[in-house]
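This is my_file_33.pdb (PDB, C-alpha atoms and all ligand atoms).
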```pdb
ATOM      1  CA  MET A 123     178.671 121.579 274.253
ATOM      2  CA  SER A 124     181.308 124.242 274.775
ATOM      3  CA  ALA A 125     180.895 127.611 273.063
ATOM      4  CA  ALA A 126     182.866 128.161 269.868
ATOM      5  CA  PRO A 127     186.204 129.795 270.673
ATOM      6  CA  GLU A 128     186.234 133.544 270.112
ATOM      7  CA  ASN A 129     188.182 134.654 267.082
ATOM      8  CA  PRO A 130     191.287 136.388 268.521
ATOM      9  CA  LEU A 131     191.473 138.548 265.404
ATOM     10  CA  ASP A 132     188.231 140.225 266.459
ATOM     11  CA  ALA A 133     190.074 141.649 269.460
ATOM     12  CA  LEU A 134     192.681 143.491 267.374
ATOM     13  CA  PRO A 135     192.481 147.243 268.036
ATOM     14  CA  THR A 136     191.446 149.525 265.183
ATOM     15  CA  LEU A 137     193.324 152.744 264.427
ATOM     16  CA  ALA A 138     190.682 154.700 266.366
ATOM     17  CA  ASP A 139     191.395 152.446 269.378
ATOM     18  CA  SER A 140     195.104 153.280 269.144
ATOM     19  CA  ILE A 141     195.004 156.907 270.257
ATOM     20  CA  GLY A 142     197.426 157.955 273.021
ATOM     21  CA  ARG A 143     200.112 155.963 274.850
ATOM     22  CA  THR A 144     202.770 157.810 272.822
ATOM     23  CA  PRO A 145     206.473 157.505 273.747
ATOM     24  CA  LEU A 146     208.072 159.987 276.166
ATOM     25  CA  LEU A 147     211.388 160.738 274.473
ATOM     26  CA  PRO A 148     214.508 161.947 276.303
ATOM     27  CA  LEU A 149     216.038 164.952 274.475
ATOM     28  CA  ARG A 150     219.548 164.051 275.618
ATOM     29  CA  ARG A 151     221.622 166.248 273.343
ATOM     30  CA  LEU A 152     219.451 169.335 273.664
ATOM     31  CA  SER A 153     219.465 169.088 277.449
ATOM     32  CA  ALA A 154     223.098 167.948 277.872
ATOM     33  CA  ALA A 155     224.399 171.374 278.887
ATOM     34  CA  THR A 156     221.453 172.246 281.140
ATOM     35  CA  GLY A 157     222.168 169.935 284.078
ATOM     36  CA  SER A 158     218.543 168.765 283.824
ATOM     37  CA  THR A 159     216.521 166.190 281.935
ATOM     38  CA  VAL A 160     214.081 167.212 279.175
ATOM     39  CA  LEU A 161     211.457 164.681 278.082
ATOM     40  CA  ALA A 162     209.009 165.154 275.206
ATOM     41  CA  LYS A 163     205.758 163.370 274.300
ATOM     42  CA  ALA A 164     205.866 162.217 270.666
ATOM     43  CA  GLU A 165     202.307 163.183 269.765
ATOM     44  CA  TRP A 166     202.804 163.070 266.010
ATOM     45  CA  LEU A 167     202.760 159.274 266.399
ATOM     46  CA  ASN A 168     199.040 159.384 267.157
ATOM     47  CA  PRO A 169     196.560 158.241 264.484
ATOM     48  CA  SER A 170     196.051 161.240 262.148
ATOM     49  CA  GLY A 171     199.400 162.637 263.244
ATOM     50  CA  SER A 172     198.831 165.040 266.126
ATOM     51  CA  VAL A 173     197.951 165.544 269.772
ATOM     52  CA  LYS A 174     194.568 166.908 268.719
ATOM     53  CA  VAL A 175     193.081 163.503 268.029
ATOM     54  CA  ARG A 176     192.976 162.898 271.777
ATOM     55  CA  ALA A 177     190.565 165.812 272.263
ATOM     56  CA  ALA A 178     188.631 165.195 269.044
ATOM     57  CA  ALA A 179     188.032 161.534 269.911
ATOM     58  CA  ARG A 180     186.837 162.377 273.398
ATOM     59  CA  ILE A 181     184.513 165.081 272.041
ATOM     60  CA  VAL A 182     183.057 162.631 269.498
ATOM     61  CA  ARG A 183     182.682 159.779 272.001
ATOM     62  CA  GLU A 184     180.925 161.998 274.566
ATOM     63  CA  ALA A 185     178.620 163.415 271.878
ATOM     64  CA  GLN A 186     177.780 159.924 270.632
ATOM     65  CA  ALA A 187     177.070 158.736 274.171
ATOM     66  CA  GLY A 188     174.752 161.712 274.713
ATOM     67  CA  GLY A 189     172.904 161.116 271.416
ATOM     68  CA  LEU A 190     174.036 164.548 270.137
ATOM     69  CA  LEU A 191     175.300 163.226 266.819
ATOM     70  CA  ALA A 192     172.136 161.372 265.783
ATOM     71  CA  GLY A 193     171.114 162.716 262.360
ATOM     72  CA  ARG A 194     173.491 165.669 262.687
ATOM     73  CA  THR A 195     176.750 166.800 261.160
ATOM     74  CA  LEU A 196     179.660 167.541 263.478
ATOM     75  CA  ILE A 197     180.962 171.054 262.792
ATOM     76  CA  ASP A 198     183.874 172.946 264.345
ATOM     77  CA  SER A 199     186.425 175.619 263.624
ATOM     78  CA  THR A 200     190.027 174.513 263.493
ATOM     79  CA  SER A 201     193.395 175.809 262.423
ATOM     80  CA  GLY A 202     194.182 172.401 260.995
ATOM     81  CA  ASN A 203     195.192 169.568 263.295
ATOM     82  CA  THR A 204     191.840 169.185 265.022
ATOM     83  CA  GLY A 205     190.273 169.241 261.580
ATOM     84  CA  ILE A 206     192.487 166.408 260.393
ATOM     85  CA  ALA A 207     191.640 164.514 263.565
ATOM     86  CA  TYR A 208     187.873 165.026 263.125
ATOM     87  CA  ALA A 209     188.188 164.078 259.450
ATOM     88  CA  PHE A 210     189.994 160.870 260.391
ATOM     89  CA  LEU A 211     187.323 160.053 262.994
ATOM     90  CA  SER A 212     184.636 160.892 260.449
ATOM     91  CA  ALA A 213     185.981 158.140 258.205
ATOM     92  CA  ALA A 214     186.901 155.692 260.981
ATOM     93  CA  LEU A 215     183.629 156.036 262.913
ATOM     94  CA  ARG A 216     181.374 156.934 259.961
ATOM     95  CA  ILE A 217     180.070 160.295 261.122
ATOM     96  CA  PRO A 218     179.513 163.328 258.834
ATOM     97  CA  VAL A 219     181.939 166.203 259.531
ATOM     98  CA  GLU A 220     182.169 169.803 258.278
ATOM     99  CA  LEU A 221     185.150 172.005 259.186
ATOM    100  CA  VAL A 222     185.687 175.746 259.161
ATOM    101  CA  MET A 223     189.291 176.871 258.748
ATOM    102  CA  PRO A 224     191.307 179.875 257.579
ATOM    103  CA  GLU A 225     191.933 179.676 253.838
ATOM    104  CA  ASN A 226     195.708 179.966 254.329
ATOM    105  CA  VAL A 227     196.288 176.808 256.387
ATOM    106  CA  SER A 228     198.975 174.636 254.844
ATOM    107  CA  PRO A 229     198.048 172.773 251.628
ATOM    108  CA  GLU A 230     198.909 169.434 253.257
ATOM    109  CA  ARG A 231     196.214 170.009 255.877
ATOM    110  CA  LYS A 232     193.515 170.821 253.347
ATOM    111  CA  ALA A 233     194.539 167.826 251.237
ATOM    112  CA  MET A 234     194.488 165.428 254.181
ATOM    113  CA  ILE A 235     191.048 166.564 255.313
ATOM    114  CA  ARG A 236     189.643 166.210 251.826
ATOM    115  CA  GLY A 237     191.385 162.862 251.532
ATOM    116  CA  TYR A 238     189.455 161.533 254.520
ATOM    117  CA  GLY A 239     186.253 162.800 252.885
ATOM    118  CA  ALA A 240     185.261 165.631 255.257
ATOM    119  CA  ALA A 241     183.815 168.954 254.000
ATOM    120  CA  ILE A 242     185.680 172.264 254.444
ATOM    121  CA  ARG A 243     184.339 175.849 254.663
ATOM    122  CA  TYR A 244     187.016 178.533 254.402
ATOM    123  CA  SER A 245     187.195 181.677 256.530
ATOM    124  CA  SER A 246     189.255 184.772 255.712
ATOM    125  CA  PRO A 247     193.002 184.160 255.514
ATOM    126  CA  PHE A 248     193.470 187.535 257.246
ATOM    127  CA  GLU A 249     191.512 186.672 260.394
ATOM    128  CA  GLY A 250     193.366 183.552 261.569
ATOM    129  CA  SER A 251     191.713 181.044 263.878
ATOM    130  CA  ASP A 252     189.438 183.745 265.348
ATOM    131  CA  GLY A 253     187.905 184.332 261.897
ATOM    132  CA  ALA A 254     187.194 180.594 261.651
ATOM    133  CA  ILE A 255     185.561 180.630 265.092
ATOM    134  CA  ARG A 256     183.294 183.535 264.071
ATOM    135  CA  LEU A 257     182.273 181.970 260.744
ATOM    136  CA  CYS A 258     181.563 178.619 262.417
ATOM    137  CA  ARG A 259     179.269 180.298 264.972
ATOM    138  CA  GLU A 260     177.412 182.074 262.148
ATOM    139  CA  ILE A 261     176.872 178.819 260.236
ATOM    140  CA  VAL A 262     175.525 177.053 263.327
ATOM    141  CA  GLU A 263     173.249 179.979 264.267
ATOM    142  CA  LYS A 264     171.693 179.945 260.779
ATOM    143  CA  ASP A 265     170.872 176.231 260.893
ATOM    144  CA  PRO A 266     171.131 174.915 264.474
ATOM    145  CA  GLY A 267     169.112 171.741 263.835
ATOM    146  CA  ARG A 268     171.546 170.508 261.250
ATOM    147  CA  TYR A 269     174.687 170.582 263.341
ATOM    148  CA  PHE A 270     176.360 169.317 266.466
ATOM    149  CA  PHE A 271     178.731 172.187 267.291
ATOM    150  CA  ALA A 272     181.740 170.375 268.766
ATOM    151  CA  ASP A 273     183.259 173.637 270.087
ATOM    152  CA  GLN A 274     186.797 172.471 270.899
ATOM    153  CA  TYR A 275     187.471 175.845 272.570
ATOM    154  CA  GLY A 276     184.608 175.459 275.042
ATOM    155  CA  ASN A 277     184.055 171.712 275.306
ATOM    156  CA  ASP A 278     185.294 170.224 278.597
ATOM    157  CA  ALA A 279     185.854 166.902 276.807
ATOM    158  CA  ASN A 280     188.916 168.598 275.261
ATOM    159  CA  TRP A 281     190.873 169.087 278.485
ATOM    160  CA  ARG A 282     189.424 165.909 280.041
ATOM    161  CA  ALA A 283     191.073 163.867 277.258
ATOM    162  CA  HIS A 284     194.414 165.081 278.607
ATOM    163  CA  TYR A 285     193.400 164.792 282.255
ATOM    164  CA  GLU A 286     192.629 161.128 281.687
ATOM    165  CA  GLY A 287     195.222 160.369 278.989
ATOM    166  CA  THR A 288     198.266 162.602 278.541
ATOM    167  CA  GLY A 289     198.590 163.424 282.263
ATOM    168  CA  PRO A 290     198.558 159.850 283.616
ATOM    169  CA  GLU A 291     200.856 158.724 280.784
ATOM    170  CA  ILE A 292     203.442 161.397 281.656
ATOM    171  CA  TRP A 293     203.175 160.538 285.335
ATOM    172  CA  GLU A 294     203.817 156.836 284.691
ATOM    173  CA  GLN A 295     206.456 157.262 281.983
ATOM    174  CA  SER A 296     208.469 159.707 284.082
ATOM    175  CA  ALA A 297     208.052 157.439 287.126
ATOM    176  CA  GLY A 298     206.605 160.428 288.983
ATOM    177  CA  ARG A 299     209.880 162.352 288.595
ATOM    178  CA  VAL A 300     208.422 165.210 286.548
ATOM    179  CA  THR A 301     209.182 168.560 288.230
ATOM    180  CA  HIS A 302     208.101 170.962 285.452
ATOM    181  CA  PHE A 303     205.456 170.660 282.732
ATOM    182  CA  VAL A 304     205.719 172.971 279.717
ATOM    183  CA  ALA A 305     203.075 173.131 276.956
ATOM    184  CA  SER A 306     202.205 175.472 274.104
ATOM    185  CA  LEU A 307     198.691 176.953 274.187
ATOM    186  CA  GLY A 308     196.136 176.683 271.401
ATOM    187  CA  THR A 309     192.724 175.796 272.763
ATOM    188  CA  SER A 310     194.705 175.171 275.993
ATOM    189  CA  GLY A 311     193.246 171.656 276.329
ATOM    190  CA  THR A 312     196.661 169.961 276.528
ATOM    191  CA  PHE A 313     197.946 172.360 279.179
ATOM    192  CA  MET A 314     194.763 172.499 281.272
ATOM    193  CA  GLY A 315     194.058 168.752 281.383
ATOM    194  CA  THR A 316     197.630 167.525 281.791
ATOM    195  CA  GLY A 317     198.441 170.347 284.210
ATOM    196  CA  ARG A 318     195.438 169.659 286.423
ATOM    197  CA  PHE A 319     196.264 165.952 286.616
ATOM    198  CA  LEU A 320     199.947 166.494 287.445
ATOM    199  CA  ARG A 321     199.127 169.144 290.061
ATOM    200  CA  GLU A 322     196.777 166.701 291.809
ATOM    201  CA  ARG A 323     199.493 164.041 291.841
ATOM    202  CA  LYS A 324     202.323 166.294 292.919
ATOM    203  CA  ALA A 325     201.454 169.641 294.482
ATOM    204  CA  GLY A 326     204.985 170.971 293.905
ATOM    205  CA  VAL A 327     205.043 170.462 290.145
ATOM    206  CA  THR A 328     205.594 173.719 288.210
ATOM    207  CA  LEU A 329     203.198 174.322 285.301
ATOM    208  CA  ILE A 330     204.398 176.588 282.492
ATOM    209  CA  SER A 331     202.282 177.697 279.521
ATOM    210  CA  VAL A 332     203.865 178.909 276.293
ATOM    211  CA  GLU A 333     202.492 181.547 273.921
ATOM    212  CA  PRO A 334     203.800 183.471 270.931
ATOM    213  CA  THR A 335     205.155 186.946 271.737
ATOM    214  CA  GLY A 336     202.436 188.754 269.797
ATOM    215  CA  ALA A 337     199.248 188.527 267.780
ATOM    216  CA  ILE A 338     201.131 188.129 264.480
ATOM    217  CA  HIS A 339     203.293 185.027 264.581
ATOM    218  CA  GLY A 340     204.286 181.982 262.558
ATOM    219  CA  LEU A 341     203.412 179.291 265.083
ATOM    220  CA  GLU A 342     200.434 177.469 263.571
ATOM    221  CA  GLY A 343     198.131 176.038 266.212
ATOM    222  CA  MET A 344     199.216 178.467 268.944
ATOM    223  CA  LYS A 345     197.315 181.437 270.361
ATOM    224  CA  HIS A 346     198.464 184.743 271.802
ATOM    225  CA  MET A 347     195.815 184.936 274.514
ATOM    226  CA  ALA A 348     195.958 188.685 275.194
ATOM    227  CA  SER A 349     194.927 189.489 271.621
ATOM    228  CA  ALA A 350     192.792 186.431 270.766
ATOM    229  CA  ILE A 351     189.285 185.161 271.487
ATOM    230  CA  VAL A 352     190.109 183.463 274.795
ATOM    231  CA  PRO A 353     188.961 179.801 274.873
ATOM    232  CA  ALA A 354     186.234 179.148 277.465
ATOM    233  CA  ILE A 355     188.159 176.123 278.774
ATOM    234  CA  TYR A 356     191.263 178.240 279.478
ATOM    235  CA  ASP A 357     191.912 179.228 283.089
ATOM    236  CA  PRO A 358     195.066 181.350 283.339
ATOM    237  CA  ARG A 359     195.265 180.729 287.105
ATOM    238  CA  LEU A 360     196.522 177.166 286.582
ATOM    239  CA  ALA A 361     199.906 178.276 285.241
ATOM    240  CA  ASP A 362     202.696 179.052 287.694
ATOM    241  CA  ARG A 363     204.431 180.851 284.889
ATOM    242  CA  ARG A 364     203.664 182.083 281.353
ATOM    243  CA  MET A 365     206.449 182.123 278.818
ATOM    244  CA  GLU A 366     206.489 183.834 275.432
ATOM    245  CA  VAL A 367     208.560 182.505 272.540
ATOM    246  CA  GLU A 368     209.642 184.399 269.423
ATOM    247  CA  THR A 369     208.736 182.712 266.141
ATOM    248  CA  GLU A 370     212.404 182.785 265.075
ATOM    249  CA  ASP A 371     213.537 180.999 268.243
ATOM    250  CA  ALA A 372     210.891 178.316 267.697
ATOM    251  CA  TYR A 373     212.042 177.841 264.085
ATOM    252  CA  ARG A 374     215.669 177.533 265.194
ATOM    253  CA  MET A 375     214.657 174.870 267.706
ATOM    254  CA  VAL A 376     212.738 172.961 264.998
ATOM    255  CA  LEU A 377     216.046 172.587 263.129
ATOM    256  CA  ARG A 378     217.979 171.647 266.272
ATOM    257  CA  LEU A 379     215.365 168.991 267.096
ATOM    258  CA  ALA A 380     215.758 167.567 263.596
ATOM    259  CA  ARG A 381     219.542 167.679 263.462
ATOM    260  CA  GLU A 382     220.503 166.948 267.057
ATOM    261  CA  GLU A 383     217.718 164.567 268.087
ATOM    262  CA  GLY A 384     216.450 163.173 264.766
ATOM    263  CA  ILE A 385     212.965 164.505 265.482
ATOM    264  CA  LEU A 386     211.257 166.332 262.587
ATOM    265  CA  ALA A 387     208.644 168.267 264.549
ATOM    266  CA  GLY A 388     206.242 171.131 263.833
ATOM    267  CA  PHE A 389     206.620 174.803 264.774
ATOM    268  CA  SER A 390     204.677 174.694 268.055
ATOM    269  CA  SER A 391     206.965 171.835 269.140
ATOM    270  CA  GLY A 392     209.909 174.137 268.462
ATOM    271  CA  ALA A 393     208.303 176.772 270.694
ATOM    272  CA  ALA A 394     207.584 174.292 273.492
ATOM    273  CA  VAL A 395     211.077 172.778 273.411
ATOM    274  CA  HIS A 396     212.727 176.208 273.285
ATOM    275  CA  ALA A 397     210.850 177.084 276.490
ATOM    276  CA  ALA A 398     211.501 173.658 278.062
ATOM    277  CA  VAL A 399     215.271 173.908 277.507
ATOM    278  CA  GLU A 400     215.246 177.399 279.049
ATOM    279  CA  VAL A 401     213.368 176.042 282.096
ATOM    280  CA  ALA A 402     215.840 173.134 282.307
ATOM    281  CA  ARG A 403     218.821 175.507 282.140
ATOM    282  CA  THR A 404     217.533 177.804 284.869
ATOM    283  CA  ASN A 405     216.462 174.949 287.171
ATOM    284  CA  PRO A 406     219.404 172.505 287.293
ATOM    285  CA  GLY A 407     218.510 168.974 288.389
ATOM    286  CA  SER A 408     214.922 169.271 287.185
ATOM    287  CA  VAL A 409     212.887 166.871 285.042
ATOM    288  CA  VAL A 410     211.093 168.989 282.458
ATOM    289  CA  VAL A 411     208.338 167.356 280.418
ATOM    290  CA  THR A 412     206.894 168.901 277.289
ATOM    291  CA  VAL A 413     204.657 167.942 274.368
ATOM    292  CA  LEU A 414     205.486 167.780 270.643
ATOM    293  CA  PRO A 415     201.998 168.375 269.164
ATOM    294  CA  ASP A 416     202.701 167.421 265.545
ATOM    295  CA  GLY A 417     205.355 166.539 262.979
ATOM    296  CA  GLY A 418     207.317 168.784 260.632
ATOM    297  CA  ASP A 419     206.103 166.912 257.568
ATOM    298  CA  ARG A 420     202.857 168.946 257.809
ATOM    299  CA  TYR A 421     204.784 172.131 256.944
ATOM    300  CA  LEU A 422     207.259 171.073 254.282
ATOM    301  CA  SER A 423     205.485 172.913 251.457
ATOM    302  CA  THR A 424     205.192 176.207 253.367
ATOM    303  CA  PRO A 425     207.633 178.901 252.163
ATOM    304  CA  VAL A 426     208.852 179.335 255.701
ATOM    305  CA  TRP A 427     210.243 175.793 255.805
ATOM    306  CA  GLU A 428     212.634 176.637 252.975
ATOM    307  CA  ASP A 429     213.648 179.781 254.862
ATOM    308  CA  ILE A 430     214.324 177.839 258.040
ATOM    309  CA  VAL A 431     216.587 175.359 256.304
ATOM    310  CA  ALA A 432     218.222 178.026 254.094
ATOM    311  CA  GLY A 433     218.785 180.311 257.094
ATOM    312  CA  ASP A 434     220.765 177.586 258.794
ATOM    313  CA  GLN A 435     223.071 177.310 255.800
ATOM    314  CA  ARG A 436     223.728 181.032 255.435
TER
HETATM  315  C1  LIG A 501     200.379 172.322 266.022
HETATM  316  C2  LIG A 501     199.642 172.589 267.301
HETATM  317  N1  LIG A 501     200.365 172.878 268.386
HETATM  318  C3  LIG A 501     199.775 173.146 269.568
HETATM  319  C4  LIG A 501     198.399 173.156 269.706
HETATM  320  C5  LIG A 501     197.816 173.487 271.043
HETATM  321  O1  LIG A 501     197.151 172.421 271.655
HETATM  322  P1  LIG A 501     195.888 172.722 272.562
HETATM  323  O2  LIG A 501     194.756 173.070 271.651
HETATM  324  O3  LIG A 501     195.649 171.466 273.319
HETATM  325  O4  LIG A 501     196.231 173.886 273.438
HETATM  326  C6  LIG A 501     197.622 172.870 268.591
HETATM  327  C7  LIG A 501     196.162 172.933 268.678
HETATM  328  O5  LIG A 501     195.464 173.041 267.716
HETATM  329  C8  LIG A 501     198.250 172.585 267.365
HETATM  330  O6  LIG A 501     197.551 172.300 266.255
END
```
Represent the structure from my file as structure tokens, please.
Amino acid sequence: MSAAPENPLDALPTLADSIGRTPLLPLRRLSAATGSTVLAKAEWLNPSGSVKVRAAARIVREAQAGGLLAGRTLIDSTSGNTGIAYAFLSAALRIPVELVMPENVSPERKAMIRGYGAAIRYSSPFEGSDGAIRLCREIVEKDPGRYFFADQYGNDANWRAHYEGTGPEIWEQSAGRVTHFVASLGTSGTFMGTGRFLRERKAGVTLISVEPTGAIHGLEGMKHMASAIVPAIYDPRLADRRMEVETEDAYRMVLRLAREEGILAGFSSGAAVHAAVEVARTNPGSVVVTVLPDGGDRYLSTPVWEDIVAGDQR
């Protein structure tokens, strides 16, 4: 007797299986005058809406494989997107999650995390992501047996997610033509993992990291390394060049992305694309690849969004 045929519906991927393999979009209008090609990874199309789900999923999978999540709650500090990603995975994979974040992250982020059913602990709105890191460490130190500290800033699974995902995808989608890779720095996972992979494939590729110009900035998710707690996974030697972007320039590029390319992206995408277009302009004939970490819809209720749109009309 032959075995009963397998149900093909059982093979359908779940949302958690559908992380990565995002489109690489040509920014034709923004790069038209540069004499180069600018390509951007559409990371807001990931489940839970940002690039951070790549790292979060890898962290969770490695912890599960190592038995580190058995009977424990995953805890981490996050400025928002990683939190949403963990919260999504918490629901999708049925693991308890607790997140520590600055009280002033955008209302959409808090609402999404609570929507997925994860718990939130708030750190001081005046201490940014570093305040969340400090509070998270305190909570874990007080009750180490209760938690698996995911530590996105120090966990190698973060950059490995990009070394094995984002990097190979960019290599294939650009048919190996990428000459420059530009990425904004938060934990640095995207830059470190993708950069390492591309460098191994093509020694001559130029790797450019992007930071805000100072400690006080309006680029949620990004870090000014010189004045911040430096992530353990960050190695500044990988970058051929560091670029700094003014908040205002990033905001202007957010509007240009929306109006010239039809891409409603977040603020760190504006920073990355501002830098990428500058690299394209000063290196004619190049193929510049960058990453759009999240979508603009996460920021629509922030006062600054009104200012950005109003400023354009003045
Ligand atoms: C909106 C946004 N942009 C950029 C980044 C930086 O990505 P990475 O942590 O991989 O450096 C983050 C990280 O949290 C982010 O949330």
Would you kindly translate the PyMOL selection byres (((chain A and resi 315-317) around 9) and not hetatm) into the concrete residues it picks from this file, as an NGL selection string? :A and (280-290 or 292 or 303-304 or 310-314 or 318-322 or 327-330 or 360-361)
Please produce a file of the residues just selected, as a PDB file, keeping the file's coordinate frame, where the atoms kept are C-alpha atoms.
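This is the output file selection37.pdb:
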```pdb
ATOM      1  CA  ASN A 280     188.916 168.598 275.261  1.00  0.00           C
ATOM      2  CA  TRP A 281     190.873 169.087 278.485  1.00  0.00           C
ATOM      3  CA  ARG A 282     189.424 165.909 280.041  1.00  0.00           C
ATOM      4  CA  ALA A 283     191.073 163.867 277.258  1.00  0.00           C
ATOM      5  CA  HIS A 284     194.414 165.081 278.607  1.00  0.00           C
ATOM      6  CA  TYR A 285     193.400 164.792 282.255  1.00  0.00           C
ATOM      7  CA  GLU A 286     192.629 161.128 281.687  1.00  0.00           C
ATOM      8  CA  GLY A 287     195.222 160.369 278.989  1.00  0.00           C
ATOM      9  CA  THR A 288     198.266 162.602 278.541  1.00  0.00           C
ATOM     10  CA  GLY A 289     198.590 163.424 282.263  1.00  0.00           C
ATOM     11  CA  PRO A 290     198.558 159.850 283.616  1.00  0.00           C
ATOM     12  CA  ILE A 292     203.442 161.397 281.656  1.00  0.00           C
ATOM     13  CA  PHE A 303     205.456 170.660 282.732  1.00  0.00           C
ATOM     14  CA  VAL A 304     205.719 172.971 279.717  1.00  0.00           C
ATOM     15  CA  SER A 310     194.705 175.171 275.993  1.00  0.00           C
ATOM     16  CA  GLY A 311     193.246 171.656 276.329  1.00  0.00           C
ATOM     17  CA  THR A 312     196.661 169.961 276.528  1.00  0.00           C
ATOM     18  CA  PHE A 313     197.946 172.360 279.179  1.00  0.00           C
ATOM     19  CA  MET A 314     194.763 172.499 281.272  1.00  0.00           C
ATOM     20  CA  ARG A 318     195.438 169.659 286.423  1.00  0.00           C
ATOM     21  CA  PHE A 319     196.264 165.952 286.616  1.00  0.00           C
ATOM     22  CA  LEU A 320     199.947 166.494 287.445  1.00  0.00           C
ATOM     23  CA  ARG A 321     199.127 169.144 290.061  1.00  0.00           C
ATOM     24  CA  GLU A 322     196.777 166.701 291.809  1.00  0.00           C
ATOM     25  CA  VAL A 327     205.043 170.462 290.145  1.00  0.00           C
ATOM     26  CA  THR A 328     205.594 173.719 288.210  1.00  0.00           C
ATOM     27  CA  LEU A 329     203.198 174.322 285.301  1.00  0.00           C
ATOM     28  CA  ILE A 330     204.398 176.588 282.492  1.00  0.00           C
ATOM     29  CA  LEU A 360     196.522 177.166 286.582  1.00  0.00           C
ATOM     30  CA  ALA A 361     199.906 178.276 285.241  1.00  0.00           C
TER      31      ALA A 361
END
```
Atom pair atom CA of A:Val426 / atom CA of A:Arg151: separation (Å): 25.4 Å
Counting all atoms listed in the file, figure out which residue out of A:Ile351, A:Val173, A:Leu131, A:Val222 gets nearest to ligand LIG 501 (chain A).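 Among A:Ile351, A:Val173, A:Leu131, A:Val222, it is A:Val173 that comes nearest to ligand LIG 501 (chain A).
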For the provided coordinates, the residues matched by the PyMOL selection byres (((chain A and resi 346) around 8) and not hetatm) should be stated as a PyMOL selection string. chain A and resi 333-337+344-345+347-350
Expand the PyMOL selection byres (((not hetatm)) within 7 of (chain A and resi 501)) into the individual residues it matches in the shown file, reporting them as an MDAnalysis selection string. chainID A and resid 174 201:204 306:313 342:344 388:391 415:416
Could you list, as an MDAnalysis selection string, every residue within 9 Å of stretch 396-409 of chain A, counting all atoms listed in the file and ignoring same-chain residues fewer than 6 positions away? chainID A and resid 152:153 155:161 296 299:305 330 332 365:367 371:372 374:376
Hey, can you spit out that residue selection with C-alpha atoms as a CSV table (one decimal), in the coordinates of the input?
```
chain,number,residue,atom,x,y,z
A,152,LEU,CA,219.5,169.3,273.7
A,153,SER,CA,219.5,169.1,277.4
A,155,ALA,CA,224.4,171.4,278.9
A,156,THR,CA,221.5,172.2,281.1
A,157,GLY,CA,222.2,169.9,284.1
A,158,SER,CA,218.5,168.8,283.8
A,159,THR,CA,216.5,166.2,281.9
A,160,VAL,CA,214.1,167.2,279.2
A,161,LEU,CA,211.5,164.7,278.1
A,296,SER,CA,208.5,159.7,284.1
A,299,ARG,CA,209.9,162.4,288.6
A,300,VAL,CA,208.4,165.2,286.5
A,301,THR,CA,209.2,168.6,288.2
A,302,HIS,CA,208.1,171.0,285.5
A,303,PHE,CA,205.5,170.7,282.7
A,304,VAL,CA,205.7,173.0,279.7
A,305,ALA,CA,203.1,173.1,277.0
A,330,ILE,CA,204.4,176.6,282.5
A,332,VAL,CA,203.9,178.9,276.3
A,365,MET,CA,206.4,182.1,278.8
A,366,GLU,CA,206.5,183.8,275.4
A,367,VAL,CA,208.6,182.5,272.5
A,371,ASP,CA,213.5,181.0,268.2
A,372,ALA,CA,210.9,178.3,267.7
A,374,ARG,CA,215.7,177.5,265.2
A,375,MET,CA,214.7,174.9,267.7
A,376,VAL,CA,212.7,173.0,265.0
```
Write out as JSON, numbers by chain the residues lying within 9 Å of stretch 135-144 of chain A, counting only C-alpha atoms and excluding same-chain residues fewer than 3 positions away. {"A": [132, 163, 164, 165, 166, 167, 168, 169, 173, 175, 176, 179, 210, 211, 214, 215, 287, 288, 291]}
Identify the residues within 8 Å of coordinate (175.9, 169.5, 264.1) (same frame as the file), considering all atoms listed in the file, and give the answer as a list in words.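 With a cut-off of 8 Å, the residues come to Leu191, Arg194, Thr195, Leu196, Ile197, Val262, Pro266, Gly267, Arg268, Tyr269, Phe270, Phe271 and Ala272 of chain A.
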Nearest to A:Arg216 by atom-to-atom distance, counting only C-alpha atoms, from A:Leu190, A:Ala325, A:Ala240, A:Ile338: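 Under the stated criterion, the closest residue is A:Ala240.
With all atoms listed in the file as the atoms that count, the minimum distance from A:Gln274 to the choices A:Ala125, A:Val352, A:Ala178, A:Met223 is reached by A:Ala178.
Shortest atom-to-atom contact with A:Ile261 among A:Gln186, A:Arg381, A:Ser170, A:Glu220: A:Glu220, counting all atoms listed in the file.
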Report, in Å with one decimal, the straight-line distance from atom CA of A:Val411 to atom CA of A:Tyr275.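 Here the two named atoms are 23.9 Å from each other.
Proximity ranking of A:Ala233, A:Ala209, A:Leu422, A:Ile242 relative to A:Leu221 places A:Ile242 first, based on all atoms listed in the file.
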Atom CA of A:Val431 and atom CA of A:Leu377 are how many Å apart?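 So the answer is 7.4 Å.
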Can you pull out the residues contacting A:Leu386? Cut-off 9 Å, using only C-alpha atoms, and skip same-chain residues under 6 positions away; I want them as a ChimeraX atom specification. /A:376-377,379-380,417-419
With all atoms listed in the file as the atoms that count, which of A:Asp357, A:Ser228, A:Lys264, A:Val410 lies nearest to A:Trp293?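 Looking only at the distances to A:Trp293, the closest residue turns out to be A:Val410.
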